[in-house]
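Engineer: Have a look at this one before I ask anything.
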Amino acid sequence: MNARTARVQRDTQETQITVDINLDGSGQARLETPAPFLNHMIDQIVRHGLIDLSITAVGDTDIDLHHTVEDIGITLGQALMKAVGDKKGIRRYGHAYVPLDEALSRVVLDLSGRPGLEWFVDFPRARIGDFDVDLLREFFQGMVNHSLLTLHVDALRGRNAHHIAETIFKAFGRALRAAVERDPRSDAIPSTKGTL
């Protein structure tokens, strides 16, 4: 069984980011970014996806968090694609519904090789603490574009913005775990095309 790990370092004039990922981990996170709320959300992916993930990031936060959050998504997407490899023997698809009190979200994904994000999320307020909720979509868009996965995110209900965000990230972690899981019944690439 090959190790499904990757390291990606991405340096631009705006950000410097390093991501280490192990898809067959135990839910261990080391997150050193200037966005504490994003760290909290990514930790949900790690815990519920049972991956090990290390992210270090610095960026031009004197402007705002936009470049840093988007570039963390980009770098994580690159690492995810590298770790998954040729996708031979994986389940490919994953989905999860996750509640948190009054909030409920559904995430469905396909490691299709075709990037696409369908985002149906209405937050009841623009900020969670000092974090701009618009950046959550930017994070997932960057990740989708560079991991080449198709992702549908639906916040089905909720009144508390923090709860809504948390259900999305937990559901993504659980859906990702299902999609990258090794299929005990097949070691083939899960596509009639023979490639993904």
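A note on labels: chains of the structure tokens are A, B, ... as shown, every chain counts residues from 1, and ligands are counted from 1 in their shown order.
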Write out as a list of chain:residue names each polymer residue whose atoms come within 12 Å of Leu100 (chain A), counting only C-alpha atoms; drop sequence neighbours fewer than 5 positions from it.

Structural biologist: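 Residues meeting the cut-off are A:Ser105, A:Arg106, A:Ala155, A:Leu156, A:Arg157, A:Gly158, A:Arg159, A:Asn160, A:Ala161, A:His162, A:His163, A:Ile164, A:Ala165, A:Glu166, A:Thr167, A:Ile168, A:Phe169, A:Lys170, A:Ala171.
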
Engineer: So that I can check the secondary structure, give me every residue of region 64-99 of chain A assigned strand (DSSP E or B) by backbone DSSP, as a ChimeraX atom specification.

Structural biologist: /A:90,93-99

Engineer: Could you check the closest approach to Ala188 (chain A) for each of A:Ile90, A:Pro99, A:Phe172, A:Asp11 and tell me which residue wins, using only C-alpha atoms?

Structural biologist: A:Ile90

Engineer: Find the residues around Arg114 (chain A) up to 10 Å (only C-alpha atoms counted), leave out those fewer than 6 positions away in its own chain, and share them as an NGL selection string.

Structural biologist: :A and (144-151 or 196)

Engineer: Just write the chosen residues, C-alpha atoms, as a CSV table (one decimal), in the first residue's frame.

Structural biologist:
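For reference, out_26.csv as written:
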```csv
chain,number,residue,atom,x,y,z
A,144,VAL,CA,-11.6,23.0,-6.1
A,145,ASN,CA,-9.7,24.7,-8.9
A,146,HIS,CA,-6.4,23.0,-7.9
A,147,SER,CA,-7.6,19.6,-6.7
A,148,LEU,CA,-9.8,19.2,-9.8
A,149,LEU,CA,-12.8,18.0,-7.8
A,150,THR,CA,-16.5,18.7,-8.3
A,151,LEU,CA,-18.1,20.0,-5.1
A,196,LEU,CA,-9.7,10.7,-13.9
```

Engineer: Show which residues sit within 8 Å of region 42-48 of chain A, as a list of chain:residue names. Count only C-alpha atoms, and ignore same-chain residues fewer than 2 positions away.

Structural biologist: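 With the cut-off at 8 Å, the set is A:Ser26, A:Gly27, A:Gln28, A:Ala29, A:Leu31, A:Leu38, A:Asn39, A:His40, A:Leu50, A:Ile51, A:Asp52, A:Leu53, A:Glu166, A:Phe169, A:Lys170, A:Ala171, A:Phe172, A:Gly173, A:Arg174, A:Arg177.
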
Engineer: Keeping all heavy atoms for every residue in the selection just given, could you write it to a file as a compact mmCIF listing (two decimals), in the first residue's frame?

Structural biologist:
```
# COMPACT_ATOMS: atom_id res chain seq x y z
N SER A 26 -4.79 10.10 11.09
CA SER A 26 -5.65 9.82 12.25
C SER A 26 -6.35 11.06 12.76
O SER A 26 -6.86 11.07 13.87
CB SER A 26 -4.82 9.17 13.36
OG SER A 26 -3.77 10.04 13.75
N GLY A 27 -6.34 12.14 11.97
CA GLY A 27 -7.03 13.36 12.37
C GLY A 27 -6.17 14.33 13.15
O GLY A 27 -6.66 15.02 14.04
N GLN A 28 -4.88 14.39 12.80
CA GLN A 28 -3.95 15.28 13.49
C GLN A 28 -3.73 16.55 12.67
O GLN A 28 -3.46 16.47 11.47
CB GLN A 28 -2.61 14.58 13.72
CG GLN A 28 -2.73 13.30 14.52
CD GLN A 28 -3.32 13.52 15.90
OE1 GLN A 28 -2.87 14.38 16.64
NE2 GLN A 28 -4.33 12.74 16.23
N ALA A 29 -3.82 17.71 13.32
CA ALA A 29 -3.66 18.99 12.63
C ALA A 29 -2.57 19.82 13.28
O ALA A 29 -2.43 19.83 14.51
CB ALA A 29 -4.97 19.76 12.64
N LEU A 31 -1.83 23.73 12.44
CA LEU A 31 -2.28 24.83 11.60
C LEU A 31 -1.71 26.14 12.14
O LEU A 31 -2.06 26.56 13.25
CB LEU A 31 -3.81 24.88 11.57
CG LEU A 31 -4.48 23.56 11.17
CD1 LEU A 31 -5.98 23.62 11.39
CD2 LEU A 31 -4.15 23.20 9.72
N LEU A 38 -10.41 30.39 10.35
CA LEU A 38 -10.15 29.42 9.29
C LEU A 38 -9.43 28.19 9.85
O LEU A 38 -9.74 27.06 9.48
CB LEU A 38 -9.34 30.03 8.15
CG LEU A 38 -9.08 29.10 6.97
CD1 LEU A 38 -10.40 28.74 6.25
CD2 LEU A 38 -8.10 29.72 5.98
N ASN A 39 -8.49 28.39 10.77
CA ASN A 39 -7.83 27.26 11.42
C ASN A 39 -8.87 26.35 12.08
O ASN A 39 -8.81 25.12 11.97
CB ASN A 39 -6.85 27.74 12.50
CG ASN A 39 -5.64 28.44 11.93
OD1 ASN A 39 -5.36 28.37 10.73
ND2 ASN A 39 -4.91 29.13 12.79
N HIS A 40 -9.81 26.96 12.78
CA HIS A 40 -10.86 26.20 13.45
C HIS A 40 -11.69 25.40 12.44
O HIS A 40 -12.03 24.24 12.69
CB HIS A 40 -11.75 27.17 14.23
CG HIS A 40 -12.92 26.55 14.91
ND1 HIS A 40 -12.83 25.42 15.70
CD2 HIS A 40 -14.24 26.90 14.91
CE1 HIS A 40 -14.03 25.12 16.17
NE2 HIS A 40 -14.90 25.99 15.69
N LEU A 50 -10.35 12.35 8.99
CA LEU A 50 -9.27 11.46 9.44
C LEU A 50 -8.04 11.56 8.54
O LEU A 50 -7.45 10.55 8.16
CB LEU A 50 -9.75 10.01 9.56
CG LEU A 50 -10.59 9.70 10.79
CD1 LEU A 50 -10.98 8.23 10.81
CD2 LEU A 50 -9.87 10.08 12.07
N ILE A 51 -7.69 12.80 8.22
CA ILE A 51 -6.43 13.05 7.52
C ILE A 51 -5.49 13.72 8.51
O ILE A 51 -5.94 14.25 9.53
CB ILE A 51 -6.63 13.93 6.26
CG1 ILE A 51 -7.18 15.32 6.65
CG2 ILE A 51 -7.53 13.24 5.25
CD1 ILE A 51 -7.27 16.28 5.47
N ASP A 52 -4.21 13.67 8.22
CA ASP A 52 -3.24 14.47 8.97
C ASP A 52 -2.86 15.64 8.07
O ASP A 52 -2.61 15.46 6.87
CB ASP A 52 -2.00 13.65 9.32
CG ASP A 52 -2.31 12.56 10.34
OD1 ASP A 52 -3.35 12.63 11.02
OD2 ASP A 52 -1.51 11.61 10.44
N LEU A 53 -2.81 16.83 8.65
CA LEU A 53 -2.60 18.03 7.84
C LEU A 53 -1.79 19.05 8.62
O LEU A 53 -2.08 19.35 9.77
CB LEU A 53 -3.96 18.64 7.45
CG LEU A 53 -3.95 19.83 6.53
CD1 LEU A 53 -3.39 19.46 5.16
CD2 LEU A 53 -5.37 20.39 6.38
N GLU A 166 -19.49 25.73 10.31
CA GLU A 166 -18.93 24.51 10.90
C GLU A 166 -19.55 23.25 10.29
O GLU A 166 -18.85 22.26 10.04
CB GLU A 166 -19.10 24.53 12.42
CG GLU A 166 -18.25 23.51 13.12
CD GLU A 166 -18.08 23.80 14.60
OE1 GLU A 166 -17.94 24.97 14.99
OE2 GLU A 166 -18.08 22.81 15.36
N PHE A 169 -17.83 22.58 6.86
CA PHE A 169 -16.47 22.04 6.93
C PHE A 169 -16.47 20.62 7.48
O PHE A 169 -15.70 19.77 7.00
CB PHE A 169 -15.56 22.97 7.74
CG PHE A 169 -15.03 24.13 6.94
CD1 PHE A 169 -15.83 25.22 6.67
CD2 PHE A 169 -13.74 24.12 6.45
CE1 PHE A 169 -15.35 26.29 5.93
CE2 PHE A 169 -13.25 25.17 5.70
CZ PHE A 169 -14.06 26.27 5.44
N LYS A 170 -17.32 20.34 8.45
CA LYS A 170 -17.42 18.96 8.95
C LYS A 170 -17.93 18.03 7.85
O LYS A 170 -17.40 16.92 7.66
CB LYS A 170 -18.35 18.90 10.16
CG LYS A 170 -17.76 19.47 11.43
CD LYS A 170 -18.78 19.44 12.56
CE LYS A 170 -18.15 19.93 13.87
NZ LYS A 170 -19.14 20.00 14.96
N ALA A 171 -18.95 18.47 7.14
CA ALA A 171 -19.50 17.65 6.07
C ALA A 171 -18.49 17.45 4.95
O ALA A 171 -18.38 16.35 4.38
CB ALA A 171 -20.79 18.27 5.53
N PHE A 172 -17.72 18.48 4.64
CA PHE A 172 -16.68 18.32 3.62
C PHE A 172 -15.66 17.27 4.06
O PHE A 172 -15.26 16.41 3.28
CB PHE A 172 -15.97 19.64 3.31
CG PHE A 172 -14.86 19.47 2.31
CD1 PHE A 172 -15.14 19.38 0.96
CD2 PHE A 172 -13.55 19.34 2.73
CE1 PHE A 172 -14.12 19.18 0.04
CE2 PHE A 172 -12.52 19.15 1.82
CZ PHE A 172 -12.81 19.06 0.47
N GLY A 173 -15.24 17.33 5.32
CA GLY A 173 -14.28 16.35 5.82
C GLY A 173 -14.80 14.93 5.71
O GLY A 173 -14.10 14.02 5.26
N ARG A 174 -16.06 14.72 6.05
CA ARG A 174 -16.65 13.38 5.98
C ARG A 174 -16.84 12.92 4.54
O ARG A 174 -16.62 11.75 4.23
CB ARG A 174 -17.96 13.35 6.76
CG ARG A 174 -17.71 13.46 8.25
CD ARG A 174 -18.93 13.18 9.10
NE ARG A 174 -18.47 13.02 10.48
CZ ARG A 174 -18.16 11.86 11.04
NH1 ARG A 174 -18.26 10.74 10.34
NH2 ARG A 174 -17.75 11.80 12.29
N ARG A 177 -13.37 12.04 3.20
CA ARG A 177 -12.96 10.74 3.74
C ARG A 177 -13.58 9.59 2.95
O ARG A 177 -12.90 8.62 2.59
CB ARG A 177 -13.37 10.66 5.21
CG ARG A 177 -13.06 9.34 5.87
CD ARG A 177 -13.51 9.38 7.32
NE ARG A 177 -13.43 8.07 7.94
CZ ARG A 177 -13.84 7.80 9.17
NH1 ARG A 177 -14.35 8.77 9.91
NH2 ARG A 177 -13.74 6.60 9.66
```

Engineer: For Glu70 (chain A), list every protein, DNA or RNA residue within 6 Å, evaluated using only C-alpha atoms, and leave out those in the same chain fewer than 2 positions away; present the list as a PyMOL selection string.

Structural biologist: chain A and resi 67-68+72-73+138-139+142
